[in-house]
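This report refers to the structure that appears directly beneath it.
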Amino acid sequence: MSDSKEKTYTLINNQTGAKWDFPVVEGTLGPETIDIRALYEETGAFTLDPSFTSTASCKSRITFIDGDKGILLHRGYNIKDLAEKSNFMEVAYLLLYGDLPSREQYEEFRKNVTYHTMVHEQLQFFFRGFRRDAHPMAIMCGVVGALAAFYHDSLDITDPKQREISAHRLIAKLPTLAAMAFKYSIGQPFVYPRNDLGFAENFLHMCFAVPAEPYKVSPVLAEAMDKILILHADHEQNASTSTVRLAGSSQANPFACIAAGIASLWGPAHGGANQAVLEMLEEIGSKDRIPEFIQGVKDKKYRLMGFGHRVYKNFDPRATVMKESCDKVLAELGVKDPLLEIAMELERIALSDPYFVERKLYPNVDFYSGIILKAMGFPVSMFTVLFAVSRTVGWVSQWKEMMEEPSNRIGRPRQLYTGAADRDYVVLDKRK
């Protein structure tokens, strides 16, 4: 990345004629960025950018997105190549350390994560304090934040080794806690992790095995889960990632920062997209209602969930890989589910109807992941939890990068105040 002093943007005050030049900072890829860090000091003015959609909040080397071209890169590698040629552990290493691992690095990293999958035995008592019908995300917010009460030996954020141990612990323990939340919600005993299983396979085993009989995870389902984890691992400075960074800027411990990210992800506008897909399918109810629903979408009466994307304007690069997984999972399970039949018909229409094609309302990653997770047997309430399991590696990588940045300071967004001006105080007895 290079800072260019040759090109500047000039701000002119139309009333006084005063001028200020602000340098342009150029990244490896993406639009040029105007460096306005000195704006307030030099002009006495703020910028107004609600939701920060035109503001670069940080420098990062982790993920690049070009929504117009449908590009998603992790450390320079195309997401399609990673999903088709790597596994989640390789991608996790890449996000954390910047390069794909050698065989020796991979084996060491996989071992470190595998041997951190157990959680402190007392954590199971936390679960008993929740109602059985508690939303799994509510449980995750509480339990992940509580990890800081158990792992005091990795809370010194100024120590690179402790930061790394915390990163490994979070990546390893989130699947265990997610599986425990699932088991608790359905009244089944917790299943301990197994060191002889791969990351995705181990997670599915903890979710669906029972003590009464052996359980073998289908390789097709394990592969599909591994791809879901890869495709959701990181997505640049989205709401939850920005939340993790903002919490981390206060020097909060990493477990608290990830709990903050989980809370942000819980919002239906962020992590609930694949859940919204299933709710839409349930609302349609049967295949014979699809024509009515499609017409309602065209008439703006109904919202089409799981199609198109706020960032990707042409296509979601993750969706192609997810569709292949979806087809394999449905064929493997032979599921006869009316909702899945509705989903497949909606997919056919969206890919052929000129209304959807012209508006680029293509099925996105959330559409297919929702179908896969339902076919696997996960309830809708678990969808966002699974998103959190995957995104934890991105959150941790972003947090780690921020902590290694020498110029890191506590985040402090400004505001445009629109409330009352200075007022005289009137004592209670004299107020009308």
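Naming scheme: A, B, ... for chains in displayed order of the structure tokens; residues 1 onward per chain; ligands 1 onward as shown.
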For the contact check between stretch 115-203 of chain A and stretch 237-253 of chain A, emit one row per residue of stretch 115-203 of chain A within 12 Å, containing the shortest atom pair and the distance in Å rounded to one decimal, counting only C-alpha atoms, chain then rising number order, as a Markdown table.
| residue | atom | partner | partner_atom | distance |
| --- | --- | --- | --- | --- |
| A:Val144 | CA | A:Asn253 | CA | 11.5 |
| A:Gly145 | CA | A:Asn253 | CA | 9.3 |
| A:Ala146 | CA | A:Asn253 | CA | 11.0 |
| A:Leu147 | CA | A:Asn253 | CA | 10.1 |
| A:Ala148 | CA | A:Asn253 | CA | 7.4 |
| A:Ala149 | CA | A:Asn253 | CA | 10.7 |
| A:Tyr151 | CA | A:Asn253 | CA | 10.8 |
| A:His152 | CA | A:Asn253 | CA | 10.1 |
| A:Asp153 | CA | A:Asn253 | CA | 11.6 |
| A:Ser154 | CA | A:Asn253 | CA | 9.0 |
| A:Leu155 | CA | A:Asn253 | CA | 5.9 |
| A:Asp156 | CA | A:Asn253 | CA | 7.7 |
| A:Ile157 | CA | A:Asn253 | CA | 6.8 |
| A:Thr158 | CA | A:Gln251 | CA | 9.2 |
| A:Asp159 | CA | A:Asn253 | CA | 11.9 |
| A:Gln162 | CA | A:Asn253 | CA | 10.8 |
| A:Arg163 | CA | A:Asn253 | CA | 9.4 |
| A:Ser166 | CA | A:Asn253 | CA | 9.3 |
| A:Ala167 | CA | A:Asn253 | CA | 11.2 |
| A:Leu170 | CA | A:Asn253 | CA | 11.9 |
Please, which residues in stretch 2-96 of chain A fall within 9 Å of stretch 394-401 of chain A when counting only C-alpha atoms, and what is the closest atom pair and distance in Å to one decimal for each, ordered by chain then residue number, as a Markdown table?
| residue | atom | partner | partner_atom | distance |
| --- | --- | --- | --- | --- |
| A:Ser60 | CA | A:Glu401 | CA | 7.5 |
| A:Arg61 | CA | A:Glu401 | CA | 8.4 |
| A:Ile62 | CA | A:Gln398 | CA | 7.5 |
| A:Ala92 | CA | A:Gly394 | CA | 7.9 |
| A:Leu95 | CA | A:Ser397 | CA | 6.0 |
| A:Leu96 | CA | A:Ser397 | CA | 4.8 |
Any chance you can output those residues with N, CA, C and O atoms as a short mmCIF file (atom, residue, chain, number, x, y, z; two decimals), in the first residue's frame?
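selection_2.cif was written with the following content:
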data_model
loop_
_atom_site.label_atom_id
_atom_site.label_comp_id
_atom_site.auth_asym_id
_atom_site.auth_seq_id
_atom_site.Cartn_x
_atom_site.Cartn_y
_atom_site.Cartn_z
N SER A 60 -6.69 -2.38 6.06
CA SER A 60 -6.70 -3.81 6.31
C SER A 60 -6.12 -4.56 5.13
O SER A 60 -6.28 -4.15 3.97
N ARG A 61 -5.44 -5.65 5.42
CA ARG A 61 -4.84 -6.50 4.39
C ARG A 61 -5.57 -7.83 4.25
O ARG A 61 -5.08 -8.74 3.58
N ILE A 62 -6.73 -7.95 4.88
CA ILE A 62 -7.37 -9.27 5.00
C ILE A 62 -8.31 -9.59 3.84
O ILE A 62 -8.13 -10.59 3.14
N ALA A 92 -8.69 -20.46 7.62
CA ALA A 92 -8.52 -19.80 8.92
C ALA A 92 -7.07 -19.36 9.11
O ALA A 92 -6.80 -18.25 9.57
N LEU A 95 -6.37 -16.31 6.87
CA LEU A 95 -6.92 -15.06 7.39
C LEU A 95 -6.12 -14.55 8.59
O LEU A 95 -5.88 -13.35 8.72
N LEU A 96 -5.70 -15.47 9.44
CA LEU A 96 -4.96 -15.07 10.64
C LEU A 96 -3.54 -14.60 10.34
O LEU A 96 -3.07 -13.60 10.90
#
Which neighbours of stretch 128-139 of chain A fall inside 12 Å, counting only C-alpha atoms, when residues of the same chain fewer than 2 positions from it are skipped, and could you give them as a PyMOL selection string? chain A and resi 122-126+141-146+174+177-190+259-268+271-272+378-389
Determine which residues of stretch 65-167 of chain A receive a DSSP assignment of helix (DSSP H, G or I), computed from the backbone, and state them as a PyMOL selection string. chain A and resi 79-85+88-97+103-114+123-128+136-149+152-154+160-167
Can you work out the spacing between atom CA of A:Gly308 and atom CA of A:Tyr362 in Å, to one decimal?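 Here the two named atoms are 5.2 Å from each other.
Minimum atom-to-atom distances from A:Leu29, A:Ile228, A:Phe356, A:Tyr115 to A:Gln295 were compared using only C-alpha atoms, and the lowest value belongs to A:Phe356.
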Determine, using only C-alpha atoms, which residues of stretch 124-226 of chain A have any atom at most 8 Å from an atom of stretch 319-341 of chain A, and tabulate each with its shortest atom pair and distance in Å to one decimal place, rows ordered by chain and then rising number, as a tab-separated table.
residue	atom	partner	partner_atom	distance
A:Val220	CA	A:Val329	CA	6.5
A:Leu221	CA	A:Val329	CA	6.3
A:Ala224	CA	A:Ser325	CA	5.5
Selected residue of minimal separation from A:Phe255 among A:Met305, A:Thr392, A:Ser369, A:Tyr192, counting only C-alpha atoms: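 Looking at the shortest contact to A:Phe255, the residue is A:Thr392.
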Contacts of A:Ala83 at 12 Å (only C-alpha atoms; same-chain gap of 2+ positions) as a VMD selection string: chain A and resid 72 to 74 77 to 81 85 to 92 223 to 233 317 to 322 324 to 325
Print the selection's residues with C-alpha atoms to a file, as a compact mmCIF listing (two decimals), in the first residue's frame.
# COMPACT_ATOMS: atom_id res chain seq x y z
CA LEU A 72 -14.31 -11.54 -3.02
CA LEU A 73 -10.64 -12.04 -2.14
CA HIS A 74 -9.10 -13.26 1.11
CA TYR A 77 -7.01 -15.44 -3.08
CA ASN A 78 -10.35 -15.77 -4.89
CA ILE A 79 -13.09 -17.17 -2.66
CA LYS A 80 -14.08 -19.72 -5.30
CA ASP A 81 -10.56 -21.18 -5.39
CA LYS A 85 -9.42 -26.33 -3.19
CA SER A 86 -8.88 -25.59 0.53
CA ASN A 87 -10.56 -26.56 3.76
CA PHE A 88 -11.69 -24.29 6.58
CA MET A 89 -8.53 -24.80 8.64
CA GLU A 90 -6.37 -23.63 5.74
CA VAL A 91 -8.57 -20.58 5.20
CA ALA A 92 -8.52 -19.80 8.92
CA GLU A 223 -17.86 -31.16 3.08
CA ALA A 224 -20.94 -28.95 2.74
CA MET A 225 -20.50 -27.62 6.28
CA ASP A 226 -16.82 -26.96 5.61
CA LYS A 227 -17.78 -24.89 2.55
CA ILE A 228 -20.40 -22.96 4.54
CA LEU A 229 -17.71 -22.12 7.08
CA ILE A 230 -15.28 -20.98 4.37
CA LEU A 231 -17.82 -18.88 2.49
CA HIS A 232 -18.88 -16.99 5.64
CA ALA A 233 -15.46 -16.67 7.25
CA PRO A 317 -19.34 -15.14 -5.98
CA ARG A 318 -20.07 -17.43 -3.03
CA ALA A 319 -23.44 -18.57 -4.39
CA THR A 320 -22.06 -20.74 -7.21
CA VAL A 321 -20.08 -22.88 -4.79
CA MET A 322 -22.98 -23.01 -2.34
CA GLU A 324 -23.20 -27.10 -5.88
CA SER A 325 -23.10 -28.05 -2.19
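The gap separating atom CA of A:Leu39 from atom CA of A:Lys19 is 11.6 Å, in Å to one decimal.
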